[in-house]
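Shown next: structure-v2.pdb, given as PDB, C-alpha atoms.
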ATOM      1  CA  MET A   1       2.146  14.167  15.539
ATOM      2  CA  ILE A   2      -1.192  12.371  15.599
ATOM      3  CA  PHE A   3      -1.871   9.372  13.393
ATOM      4  CA  PRO A   4      -5.155   7.559  12.901
ATOM      5  CA  PHE A   5      -4.912   3.804  13.224
ATOM      6  CA  VAL A   6      -4.838   1.957   9.899
ATOM      7  CA  GLU A   7      -7.932  -0.040   9.031
ATOM      8  CA  LEU A   8      -7.368  -3.566   7.812
ATOM      9  CA  PRO A   9      -9.746  -5.629   5.697
ATOM     10  CA  HIS A  10     -12.152  -7.970   7.388
ATOM     11  CA  LEU A  11     -10.421 -11.208   6.422
ATOM     12  CA  PRO A  12      -7.178 -11.001   8.412
ATOM     13  CA  GLY A  13      -9.004  -9.902  11.523
ATOM     14  CA  GLY A  14      -9.950  -6.433  10.475
ATOM     15  CA  TRP A  15      -9.401  -4.162  13.365
ATOM     16  CA  PRO A  16      -7.596  -0.835  13.116
ATOM     17  CA  ARG A  17      -3.931  -1.137  14.050
ATOM     18  CA  PRO A  18      -1.555   1.466  15.526
ATOM     19  CA  MET A  19       0.595   2.047  12.482
ATOM     20  CA  PHE A  20       2.151   4.976  10.709
ATOM     21  CA  ASP A  21       4.483   5.586   7.833
ATOM     22  CA  VAL A  22       8.255   5.781   8.143
ATOM     23  CA  VAL A  23      10.765   6.824   5.493
ATOM     24  CA  VAL A  24      13.805   4.543   5.434
ATOM     25  CA  GLY A  25      17.126   6.182   4.623
ATOM     26  CA  ASN A  26      16.754   8.644   1.797
ATOM     27  CA  MET A  27      14.027   6.663   0.024
ATOM     28  CA  GLY A  28      11.506   9.469   0.310
ATOM     29  CA  GLU A  29       9.176   8.109  -2.354
ATOM     30  CA  VAL A  30       8.355   5.051  -0.243
ATOM     31  CA  LEU A  31       6.341   5.366   2.925
ATOM     32  CA  MET A  32       6.772   2.197   4.928
ATOM     33  CA  PRO A  33       3.875   1.447   7.260
ATOM     34  CA  CYS A  34       5.087   0.203  10.610
ATOM     35  CA  LEU A  35       3.192  -1.354  13.480
ATOM     36  CA  VAL A  36       3.956   0.325  16.793
ATOM     37  CA  ASP A  37       4.747  -2.738  18.878
ATOM     38  CA  SER A  38       5.578  -2.062  22.516
ATOM     39  CA  GLY A  39       6.266  -5.776  23.003
ATOM     40  CA  ALA A  40       9.084  -5.814  20.470
ATOM     41  CA  ILE A  41      12.648  -5.063  21.492
ATOM     42  CA  ASN A  42      14.094  -4.352  18.081
ATOM     43  CA  THR A  43      12.883  -2.225  15.250
ATOM     44  CA  LEU A  44      12.601  -4.593  12.325
ATOM     45  CA  LEU A  45      12.019  -4.019   8.644
ATOM     46  CA  PRO A  46      12.034  -6.287   5.621
ATOM     47  CA  SER A  47      15.325  -6.636   3.771
ATOM     48  CA  TRP A  48      13.725  -5.363   0.547
ATOM     49  CA  ALA A  49      13.513  -1.934   2.172
ATOM     50  CA  ALA A  50      17.284  -1.892   2.596
ATOM     51  CA  ASP A  51      17.790  -3.084  -0.995
ATOM     52  CA  LEU A  52      15.605  -0.351  -2.432
ATOM     53  CA  ALA A  53      16.986   2.348  -0.141
ATOM     54  CA  GLY A  54      20.551   1.459  -1.129
ATOM     55  CA  ILE A  55      21.521   0.436   2.417
ATOM     56  CA  ASP A  56      24.371  -2.034   2.404
ATOM     57  CA  CYS A  57      23.702  -4.880   4.806
ATOM     58  CA  ALA A  58      26.355  -7.240   3.520
ATOM     59  CA  ASP A  59      28.869  -6.749   6.314
ATOM     60  CA  ALA A  60      26.375  -5.888   9.034
ATOM     61  CA  PRO A  61      26.224  -8.080  12.129
ATOM     62  CA  ALA A  62      23.506 -10.703  11.936
ATOM     63  CA  LYS A  63      21.065 -11.609  14.662
ATOM     64  CA  ALA A  64      18.849 -14.707  14.693
ATOM     65  CA  LEU A  65      15.303 -13.820  15.723
ATOM     66  CA  GLY A  66      11.976 -15.555  16.129
ATOM     67  CA  ILE A  67       9.016 -13.720  14.745
ATOM     68  CA  ALA A  68       5.392 -14.668  14.142
ATOM     69  CA  GLY A  69       6.184 -18.283  14.900
ATOM     70  CA  SER A  70       9.068 -18.542  12.483
ATOM     71  CA  SER A  71      12.738 -17.692  12.510
ATOM     72  CA  THR A  72      14.541 -15.023  10.577
ATOM     73  CA  LYS A  73      17.932 -13.395  10.313
ATOM     74  CA  ALA A  74      18.246  -9.672  10.920
ATOM     75  CA  ARG A  75      21.139  -7.606   9.645
ATOM     76  CA  MET A  76      21.577  -4.818  12.153
ATOM     77  CA  VAL A  77      22.399  -1.495  10.514
ATOM     78  CA  GLN A  78      22.504   2.070  11.829
ATOM     79  CA  THR A  79      19.817   3.715   9.694
ATOM     80  CA  LEU A  80      18.249   7.112   9.190
ATOM     81  CA  LEU A  81      14.502   6.989   9.837
ATOM     82  CA  THR A  82      12.016   9.808   9.279
ATOM     83  CA  ILE A  83       8.472  10.342  10.507
ATOM     84  CA  GLY A  84       6.863  13.441   9.125
ATOM     85  CA  GLU A  85       9.479  16.181   9.505
ATOM     86  CA  HIS A  86      11.415  14.406  12.266
ATOM     87  CA  SER A  87      14.462  12.257  11.523
ATOM     88  CA  TRP A  88      16.634  10.194  13.802
ATOM     89  CA  GLU A  89      19.321   7.580  13.367
ATOM     90  CA  ALA A  90      19.057   4.222  15.072
ATOM     91  CA  GLU A  91      19.817   0.534  14.696
ATOM     92  CA  VAL A  92      17.356  -1.318  12.492
ATOM     93  CA  GLY A  93      17.235  -5.048  11.814
ATOM     94  CA  PHE A  94      16.636  -5.755   8.138
ATOM     95  CA  CYS A  95      15.136  -9.228   8.030
ATOM     96  CA  ASP A  96      14.995 -12.006   5.501
ATOM     97  CA  PRO A  97      12.651 -13.833   5.475
ATOM     98  CA  TRP A  98      10.050 -11.446   6.763
ATOM     99  CA  PRO A  99       6.486 -12.645   7.407
ATOM    100  CA  HIS A 100       4.762  -9.266   7.495
ATOM    101  CA  GLY A 101       3.822  -6.802   4.823
ATOM    102  CA  LEU A 102       4.758  -4.001   7.210
ATOM    103  CA  GLY A 103       7.538  -3.035   9.615
ATOM    104  CA  LEU A 104       7.715  -3.233  13.406
ATOM    105  CA  LEU A 105       8.781  -0.343  15.608
ATOM    106  CA  GLY A 106      10.140  -1.643  18.909
ATOM    107  CA  GLN A 107      11.673  -0.447  22.159
ATOM    108  CA  LEU A 108      15.177   0.070  20.830
ATOM    109  CA  SER A 109      15.350   2.549  17.979
ATOM    110  CA  PHE A 110      11.808   3.834  18.409
ATOM    111  CA  PHE A 111      10.182   4.003  21.853
ATOM    112  CA  ARG A 112      13.391   5.281  23.439
ATOM    113  CA  TYR A 113      13.272   8.300  21.168
ATOM    114  CA  PHE A 114       9.614   9.291  21.476
ATOM    115  CA  VAL A 115       6.800   9.901  23.885
ATOM    116  CA  VAL A 116       4.106   7.586  22.607
ATOM    117  CA  THR A 117       0.454   7.900  23.577
ATOM    118  CA  PHE A 118      -2.068   5.317  22.471
ATOM    119  CA  ARG A 119      -5.659   6.529  22.417
ATOM    120  CA  ALA A 120      -7.150   3.242  21.366
ATOM    121  CA  ALA A 121     -10.712   4.293  22.135
ATOM    122  CA  ASP A 122     -10.304   6.971  19.480
ATOM    123  CA  PHE A 123      -8.200   4.789  17.172
ATOM    124  CA  GLU A 124      -5.347   7.239  17.195
ATOM    125  CA  LEU A 125      -1.751   7.441  18.251
ATOM    126  CA  GLU A 126       0.237  10.491  19.239
ATOM    127  CA  ILE A 127       4.002  10.577  19.120
ATOM    128  CA  ASN A 128       6.363  13.365  19.996
ATOM    129  CA  PRO A 129      10.155  13.333  20.043
ATOM    130  CA  ALA A 130      11.460  12.755  23.563
ATOM    131  CA  GLN A 131      13.310  15.665  25.164
ATOM    132  CA  ARG A 132      16.563  14.164  26.417
TER
ATOM    133  CA  MET B   1     -20.069  -7.608 -26.968
ATOM    134  CA  ILE B   2     -20.980  -4.061 -27.903
ATOM    135  CA  ARG B   3     -20.925  -2.248 -31.216
ATOM    136  CA  THR B   4     -19.713   1.289 -31.036
ATOM    137  CA  ARG B   5     -18.168   4.023 -33.107
ATOM    138  CA  VAL B   6     -14.776   5.363 -32.108
ATOM    139  CA  ALA B   7     -12.727   7.907 -34.000
ATOM    140  CA  GLY B   8     -15.118   7.724 -36.939
ATOM    141  CA  GLU B   9     -14.829   3.975 -37.264
ATOM    142  CA  ASP B  10     -17.198   1.184 -36.304
ATOM    143  CA  ALA B  11     -15.799  -1.162 -33.719
ATOM    144  CA  GLU B  12     -16.919  -4.291 -31.904
ATOM    145  CA  LEU B  13     -15.597  -4.681 -28.412
ATOM    146  CA  GLU B  14     -16.039  -7.151 -25.615
ATOM    147  CA  ALA B  15     -14.943  -7.013 -22.011
ATOM    148  CA  ALA B  16     -12.657 -10.014 -22.354
ATOM    149  CA  SER B  17     -10.724  -8.408 -25.201
ATOM    150  CA  VAL B  18     -10.190  -5.287 -23.104
ATOM    151  CA  GLU B  19      -8.982  -7.421 -20.214
ATOM    152  CA  ARG B  20      -6.567  -9.230 -22.498
ATOM    153  CA  ALA B  21      -5.330  -5.979 -24.000
ATOM    154  CA  VAL B  22      -4.380  -4.446 -20.658
ATOM    155  CA  ALA B  23      -3.031  -7.620 -19.076
ATOM    156  CA  GLY B  24       0.598  -6.947 -18.331
ATOM    157  CA  VAL B  25       0.253  -3.251 -19.133
ATOM    158  CA  ASP B  26       1.276  -0.986 -16.289
ATOM    159  CA  PRO B  27      -1.388   1.586 -15.528
ATOM    160  CA  GLU B  28      -0.402   5.199 -15.809
ATOM    161  CA  PRO B  29      -1.128   7.521 -12.884
ATOM    162  CA  ILE B  30      -4.773   8.522 -12.566
ATOM    163  CA  ARG B  31      -5.547  12.201 -13.046
ATOM    164  CA  GLU B  32      -9.286  12.331 -12.607
ATOM    165  CA  HIS B  33     -11.195   9.332 -13.925
ATOM    166  CA  TYR B  34     -10.338   5.664 -13.919
ATOM    167  CA  VAL B  35     -11.703   2.308 -14.971
ATOM    168  CA  VAL B  36     -11.258  -0.809 -12.875
ATOM    169  CA  ILE B  37     -10.108  -3.802 -14.915
ATOM    170  CA  GLY B  38      -9.314  -6.832 -12.819
ATOM    171  CA  ARG B  39      -8.097  -5.199  -9.636
ATOM    172  CA  ARG B  40      -6.241  -2.420 -11.379
ATOM    173  CA  ARG B  41      -7.225   1.136 -12.098
ATOM    174  CA  TYR B  42      -6.386   2.537 -15.532
ATOM    175  CA  PRO B  43      -6.951   5.926 -17.091
ATOM    176  CA  PRO B  44      -9.937   5.251 -19.422
ATOM    177  CA  LYS B  45      -8.107   6.519 -22.502
ATOM    178  CA  GLN B  46      -5.124   4.264 -21.822
ATOM    179  CA  ALA B  47      -7.380   1.210 -21.513
ATOM    180  CA  LEU B  48      -9.414   1.970 -24.627
ATOM    181  CA  ALA B  49      -6.339   2.764 -26.674
ATOM    182  CA  ALA B  50      -4.814  -0.569 -25.647
ATOM    183  CA  ALA B  51      -8.005  -2.402 -26.574
ATOM    184  CA  THR B  52      -8.575  -0.726 -29.952
ATOM    185  CA  GLY B  53      -5.071   0.131 -31.095
ATOM    186  CA  LEU B  54      -6.255   3.689 -31.710
ATOM    187  CA  ASP B  55      -4.260   6.759 -30.832
ATOM    188  CA  ARG B  56      -5.497   8.408 -27.646
ATOM    189  CA  GLY B  57      -5.875  11.684 -29.455
ATOM    190  CA  ASP B  58      -8.584  10.105 -31.606
ATOM    191  CA  PHE B  59     -11.186   9.987 -28.829
ATOM    192  CA  THR B  60     -12.092  11.773 -25.628
ATOM    193  CA  THR B  61     -12.048  10.622 -22.034
ATOM    194  CA  HIS B  62     -15.821  10.946 -22.022
ATOM    195  CA  GLN B  63     -16.104   8.527 -24.962
ATOM    196  CA  ALA B  64     -13.700   6.095 -23.357
ATOM    197  CA  ARG B  65     -15.581   6.162 -20.058
ATOM    198  CA  SER B  66     -18.894   5.626 -21.802
ATOM    199  CA  ILE B  67     -17.667   2.651 -23.842
ATOM    200  CA  LEU B  68     -15.924   1.003 -20.913
ATOM    201  CA  ARG B  69     -18.982   1.460 -18.723
ATOM    202  CA  ARG B  70     -21.168  -0.165 -21.402
ATOM    203  CA  LEU B  71     -18.782  -3.109 -21.346
ATOM    204  CA  GLY B  72     -19.543  -3.534 -17.671
ATOM    205  CA  PHE B  73     -16.408  -2.098 -16.108
ATOM    206  CA  GLY B  74     -16.558   0.148 -13.077
ATOM    207  CA  VAL B  75     -15.720   3.699 -14.085
ATOM    208  CA  HIS B  76     -15.098   6.156 -11.295
ATOM    209  CA  ARG B  77     -13.606   9.478 -10.395
ATOM    210  CA  ARG B  78     -10.524   9.790  -8.147
ATOM    211  CA  GLY B  79     -11.494   9.851  -4.533
ATOM    212  CA  HIS B  80     -14.168   7.198  -4.959
ATOM    213  CA  VAL B  81     -13.953   4.501  -2.307
ATOM    214  CA  PRO B  82     -16.122   1.416  -2.185
ATOM    215  CA  PRO B  83     -18.816   1.281   0.500
ATOM    216  CA  PRO B  84     -17.756  -0.403   3.730
ATOM    217  CA  ARG B  85     -18.933  -3.873   4.665
ATOM    218  CA  ASP B  86     -21.867  -4.312   6.947
ATOM    219  CA  GLY B  87     -20.990  -3.992  10.602
ATOM    220  CA  ASP B  88     -20.458  -1.240  13.071
ATOM    221  CA  MET B  89     -17.358   0.580  11.930
ATOM    222  CA  SER B  90     -18.755   4.012  12.606
ATOM    223  CA  THR B  91     -16.058   4.775  15.173
ATOM    224  CA  TRP B  92     -13.177   3.562  13.008
ATOM    225  CA  PRO B  93     -10.833   6.217  11.624
ATOM    226  CA  HIS B  94     -12.431   6.103   8.183
ATOM    227  CA  GLN B  95     -15.717   4.378   9.094
ATOM    228  CA  GLY B  96     -14.539   1.223   7.335
ATOM    229  CA  ALA B  97     -13.758   2.919   4.018
ATOM    230  CA  GLU B  98     -10.038   2.148   4.217
ATOM    231  CA  ALA B  99     -10.696  -1.501   5.024
ATOM    232  CA  ALA B 100     -13.089  -1.708   2.059
ATOM    233  CA  ALA B 101     -10.566  -0.061  -0.271
ATOM    234  CA  LEU B 102      -7.859  -2.540   0.765
ATOM    235  CA  GLU B 103     -10.005  -5.658   0.658
ATOM    236  CA  PRO B 104      -9.575  -6.451  -3.077
ATOM    237  CA  TYR B 105      -5.796  -6.398  -2.537
ATOM    238  CA  ILE B 106      -5.441  -8.840   0.335
ATOM    239  CA  GLY B 107      -2.079 -10.581  -0.051
ATOM    240  CA  ARG B 108      -0.911  -8.131  -2.735
ATOM    241  CA  TRP B 109       1.822  -5.521  -2.653
ATOM    242  CA  ILE B 110       0.312  -2.100  -3.146
ATOM    243  CA  ALA B 111       1.044   1.600  -3.408
ATOM    244  CA  GLN B 112      -1.526   3.391  -1.256
ATOM    245  CA  ASP B 113      -2.206   7.115  -1.197
ATOM    246  CA  GLY B 114      -4.804   8.055   1.387
ATOM    247  CA  LEU B 115      -7.742   5.744   0.840
ATOM    248  CA  GLU B 116      -6.776   4.980  -2.740
ATOM    249  CA  VAL B 117      -4.756   2.057  -4.019
ATOM    250  CA  LEU B 118      -2.700   3.430  -6.898
ATOM    251  CA  TYR B 119      -1.036   0.237  -8.043
ATOM    252  CA  ASP B 120      -0.636  -3.405  -7.091
ATOM    253  CA  ALA B 121       1.963  -5.984  -7.990
ATOM    254  CA  ASP B 122       3.538  -9.283  -7.022
ATOM    255  CA  SER B 123       6.521  -7.727  -5.261
ATOM    256  CA  PRO B 124       7.577  -4.536  -3.506
ATOM    257  CA  TYR B 125      10.279  -4.072  -6.117
ATOM    258  CA  ASP B 126       7.660  -3.794  -8.866
ATOM    259  CA  VAL B 127       5.621  -1.322  -6.840
ATOM    260  CA  VAL B 128       8.612   0.902  -6.110
ATOM    261  CA  ARG B 129       9.750   0.729  -9.738
ATOM    262  CA  TRP B 130       6.295   1.968 -10.792
ATOM    263  CA  LEU B 131       6.377   4.786  -8.222
ATOM    264  CA  ARG B 132       9.816   5.897  -9.377
ATOM    265  CA  ARG B 133       8.891   5.743 -13.041
ATOM    266  CA  ASN B 134       5.894   7.962 -12.419
ATOM    267  CA  GLY B 135       7.510  10.294  -9.890
ATOM    268  CA  LEU B 136       5.020   9.427  -7.160
ATOM    269  CA  ARG B 137       5.206   8.904  -3.420
ATOM    270  CA  ALA B 138       3.030   6.388  -1.586
ATOM    271  CA  ARG B 139       2.730   3.905   1.229
ATOM    272  CA  VAL B 140       4.164   0.584   0.052
ATOM    273  CA  TRP B 141       3.127  -2.607   1.781
ATOM    274  CA  ARG B 142       1.471  -5.973   1.422
ATOM    275  CA  VAL B 143      -2.104  -6.031   2.597
ATOM    276  CA  PRO B 144      -2.145  -8.725   5.274
ATOM    277  CA  ALA B 145      -3.827 -11.992   4.389
ATOM    278  CA  THR B 146      -3.655 -13.515   7.864
ATOM    279  CA  PRO B 147      -3.757 -12.198  11.422
ATOM    280  CA  GLU B 148      -0.083 -13.074  11.771
ATOM    281  CA  GLU B 149       0.831 -10.947   8.776
ATOM    282  CA  ALA B 150      -1.055  -8.089  10.407
ATOM    283  CA  GLY B 151       1.086  -8.416  13.499
ATOM    284  CA  SER B 152      -1.463 -10.246  15.646
ATOM    285  CA  MET B 153       0.405 -13.033  17.333
ATOM    286  CA  LEU B 154      -2.170 -14.384  19.692
ATOM    287  CA  SER B 155      -5.708 -13.490  18.754
ATOM    288  CA  HIS B 156      -7.896 -11.512  16.446
ATOM    289  CA  PRO B 157     -11.491 -10.331  16.629
TER
END
Could I get this structure in the form of structure tokens?
Amino acid sequence: MIFPFVELPHLPGGWPRPMFDVVVGNMGEVLMPCLVDSGAINTLLPSWAADLAGIDCADAPAKALGIAGSSTKARMVQTLLTIGEHSWEAEVGFCDPWPHGLGLLGQLSFFRYFVVTFRAADFELEINPAQR
Amino acid sequence: MIRTRVAGEDAELEAASVERAVAGVDPEPIREHYVVIGRRRYPPKQALAAATGLDRGDFTTHQARSILRRLGFGVHRRGHVPPPRDGDMSTWPHQGAEAAALEPYIGRWIAQDGLEVLYDADSPYDVVRWLRRNGLRARVWRVPATPEEAGSMLSHP
């Protein structure tokens, strides 16, 4: 699967970012753009995504995290994620507060499951499910 | 203000009254044409019906587009994207067209389909409610207002 980087407006430092859309749980009507972040350990999404997808985080273990210079609390929940036609289940931290308007795909729950090729010169990203 | 004739009746309209009429009105999904009022895109007939109180069956899309254009609103066809800013973005995935389409929505929650912004709101809950009500599927996110919101921790160009 090949995804073009997403262009951002000039103001916040407009430079295309390696992002693509992920479906969270069974919430197929919402495509959640996620930044592919090889420096992140966890895969983190905003808590509103869990609310709207009907994912119960109430009894999930909580993890304190620092992100973008602030602190947040992530509720770690085993979650179905889908990219294109490919689905997998992995632990996702649903965070509140959440400073971004997008999600972060990190080492656990994303990179471990895919072969990821950045072609930054062409502003595109290729991902394929890892054969394990 | 313009004087016009709609549905066999004389009418006086001004841009501000149209803006007031659609304030707080959720836009319906765009089929082909749309008018931009504030940041939002409305079907022309929906906007003119809200402004005049007339039934949509009383006038055509062509009439609505013409009147709204005379009032100074941007009237476009689906697929229209604003021209990119100056600068060399020729190698970018969409040559800057996506960045230009997102720029009016910096800091807003949006539903994005391709290079088009279908809807914007104050919260993701409002955006998803609108998608569900209209049976649509789209990318839902907040257009970053700062480098940090875009995921840049250390630097930006």
Next on the checklist: Please identify all residues of chain B having at least one atom at most 7 Å from any atom of chain A, considering only C-alpha atoms, and return them as a PyMOL selection string.
Outcome noted: chain B and resi 92-93+96+98-100+102-103+136-150+153+156-157
Next on the checklist: With the PyMOL selection byres ((chain B and resi 63) around 12) as the selection, what would be picked from this file? Answer as a VMD selection string, please.
Outcome noted: chain B and resid 4 to 7 44 to 45 47 to 49 56 to 62 64 to 70 75
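For Arg3 (chain B), the residues within 10 Å (counting all atoms listed in the file, excluding itself and residues fewer than 3 positions away along the chain) are B:Val6, B:Asp10, B:Ala11, B:Glu12, B:Leu13, B:Glu14, B:Ile67.
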Report the residues retrieved by the PyMOL selection byres ((chain A and resi 58) around 12) from the displayed file, expressed as a compact mmCIF listing (two decimals) with C-alpha atoms, keeping the file's coordinate frame.
# COMPACT_ATOMS: atom_id res chain seq x y z
CA SER A 47 15.32 -6.64 3.77
CA ALA A 50 17.28 -1.89 2.60
CA ASP A 51 17.79 -3.08 -1.00
CA GLY A 54 20.55 1.46 -1.13
CA ILE A 55 21.52 0.44 2.42
CA ASP A 56 24.37 -2.03 2.40
CA CYS A 57 23.70 -4.88 4.81
CA ASP A 59 28.87 -6.75 6.31
CA ALA A 60 26.38 -5.89 9.03
CA PRO A 61 26.22 -8.08 12.13
CA ALA A 62 23.51 -10.70 11.94
CA ALA A 74 18.25 -9.67 10.92
CA ARG A 75 21.14 -7.61 9.64
CA MET A 76 21.58 -4.82 12.15
CA VAL A 77 22.40 -1.50 10.51
CA PHE A 94 16.64 -5.76 8.14
Checklist entry - To one decimal place, how far is CA of Gly74 (chain B) from CA of Asn134 (chain B) in Å? => result 23.8 Å
Next on the checklist: From (-9.6, 10.1, -11.4), in the file's coordinates, out to 7 Å: which residues are reached, counting only C-alpha atoms? Answer as a PyMOL selection string.
Outcome noted: chain B and resi 30-34+76-78
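Between CA of Cys95 (chain A) and CA of Leu65 (chain A) lies a distance of 9.0 Å.
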Checklist entry - For the file shown, what are the residues hit by the PyMOL selection byres ((chain B and resi 116) around 8), laid out as a ChimeraX atom specification? => result /B:79,81,101,112-115,117-118
Checklist outcome for this item: In Å and to one decimal, CA of Met1 (chain B) is distant from CA of Leu71 (chain B) by 7.3 Å
Item to check | Close residues, Gln107 (chain A) itself excluded, 10 Å, all atoms listed in the file, min 5 positions apart in chain, as a PyMOL selection string | outcome: chain A and resi 36-43+112-114
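The residue that comes closest to Gly107 (chain B), out of B:Ala121, B:Arg132, B:Gln95, B:Met89 and on the basis of all atoms listed in the file, is B:Ala121.
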Draw an axis-aligned box tight on the listed atoms of region 130-138 of chain B, then pad every side by 5 Å and write out centre and edge lengths in Å to one decimal as JSON.
{"center_x": 6.4, "center_y": 6.1, "center_z": -7.3, "size_x": 16.8, "size_y": 18.3, "size_z": 21.5}
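Counting all atoms listed in the file and comparing B:Gly38, B:Gly24, B:Pro83, B:Pro124, the residue that lies closest to Ala50 (chain B) is B:Gly24.
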Item to check | Selection: 8 Å around Arg40 (chain B), only C-alpha atoms, excl. self and same-chain fewer than 6 positions, as a PyMOL selection string | outcome: chain B and resi 27+119-120
Could you add N, CA and C atoms to region 133-155 of chain B and give me the result as a short mmCIF file (atom, residue, chain, number, x, y, z; two decimals), keeping the file's coordinate frame?
data_model
loop_
_atom_site.label_atom_id
_atom_site.label_comp_id
_atom_site.auth_asym_id
_atom_site.auth_seq_id
_atom_site.Cartn_x
_atom_site.Cartn_y
_atom_site.Cartn_z
N ARG B 133 9.10 5.42 -11.63
CA ARG B 133 8.89 5.74 -13.04
C ARG B 133 7.90 6.90 -13.19
N ASN B 134 6.94 6.94 -12.29
CA ASN B 134 5.89 7.96 -12.42
C ASN B 134 6.08 9.15 -11.47
N GLY B 135 7.21 9.16 -10.76
CA GLY B 135 7.51 10.29 -9.89
C GLY B 135 6.51 10.48 -8.76
N LEU B 136 6.03 9.36 -8.21
CA LEU B 136 5.02 9.43 -7.16
C LEU B 136 5.58 8.97 -5.82
N ARG B 137 4.85 9.28 -4.79
CA ARG B 137 5.21 8.90 -3.42
C ARG B 137 3.99 8.23 -2.81
N ALA B 138 4.19 7.09 -2.15
CA ALA B 138 3.03 6.39 -1.59
C ALA B 138 3.48 5.42 -0.51
N ARG B 139 2.49 4.98 0.26
CA ARG B 139 2.73 3.90 1.23
C ARG B 139 2.87 2.60 0.46
N VAL B 140 3.93 1.86 0.74
CA VAL B 140 4.16 0.58 0.05
C VAL B 140 4.12 -0.54 1.08
N TRP B 141 3.22 -1.47 0.86
CA TRP B 141 3.13 -2.61 1.78
C TRP B 141 2.32 -3.72 1.17
N ARG B 142 2.32 -4.86 1.85
CA ARG B 142 1.47 -5.97 1.42
C ARG B 142 0.28 -6.03 2.36
N VAL B 143 -0.89 -5.99 1.78
CA VAL B 143 -2.10 -6.03 2.60
C VAL B 143 -2.17 -7.41 3.26
N PRO B 144 -2.22 -7.44 4.58
CA PRO B 144 -2.14 -8.72 5.27
C PRO B 144 -3.25 -9.69 4.85
N ALA B 145 -2.86 -10.95 4.74
CA ALA B 145 -3.83 -11.99 4.39
C ALA B 145 -4.18 -12.84 5.60
N THR B 146 -3.40 -12.73 6.66
CA THR B 146 -3.66 -13.52 7.86
C THR B 146 -3.45 -12.61 9.08
N PRO B 147 -4.00 -13.00 10.21
CA PRO B 147 -3.76 -12.20 11.42
C PRO B 147 -2.26 -12.07 11.73
N GLU B 148 -1.52 -13.13 11.47
CA GLU B 148 -0.08 -13.07 11.77
C GLU B 148 0.61 -12.02 10.91
N GLU B 149 0.23 -11.95 9.65
CA GLU B 149 0.83 -10.95 8.78
C GLU B 149 0.47 -9.53 9.21
N ALA B 150 -0.64 -9.41 9.92
CA ALA B 150 -1.06 -8.09 10.41
C ALA B 150 -0.42 -7.76 11.75
N GLY B 151 0.39 -8.68 12.24
CA GLY B 151 1.09 -8.42 13.50
C GLY B 151 0.36 -8.94 14.72
N SER B 152 -0.75 -9.67 14.50
CA SER B 152 -1.46 -10.25 15.65
C SER B 152 -0.89 -11.62 15.93
N MET B 153 -0.25 -11.76 17.05
CA MET B 153 0.40 -13.03 17.33
C MET B 153 -0.54 -14.01 18.03
N LEU B 154 -1.43 -13.49 18.81
CA LEU B 154 -2.17 -14.38 19.69
C LEU B 154 -3.65 -14.50 19.35
N SER B 155 -4.26 -13.42 18.97
CA SER B 155 -5.71 -13.49 18.75
C SER B 155 -6.14 -12.41 17.77
#
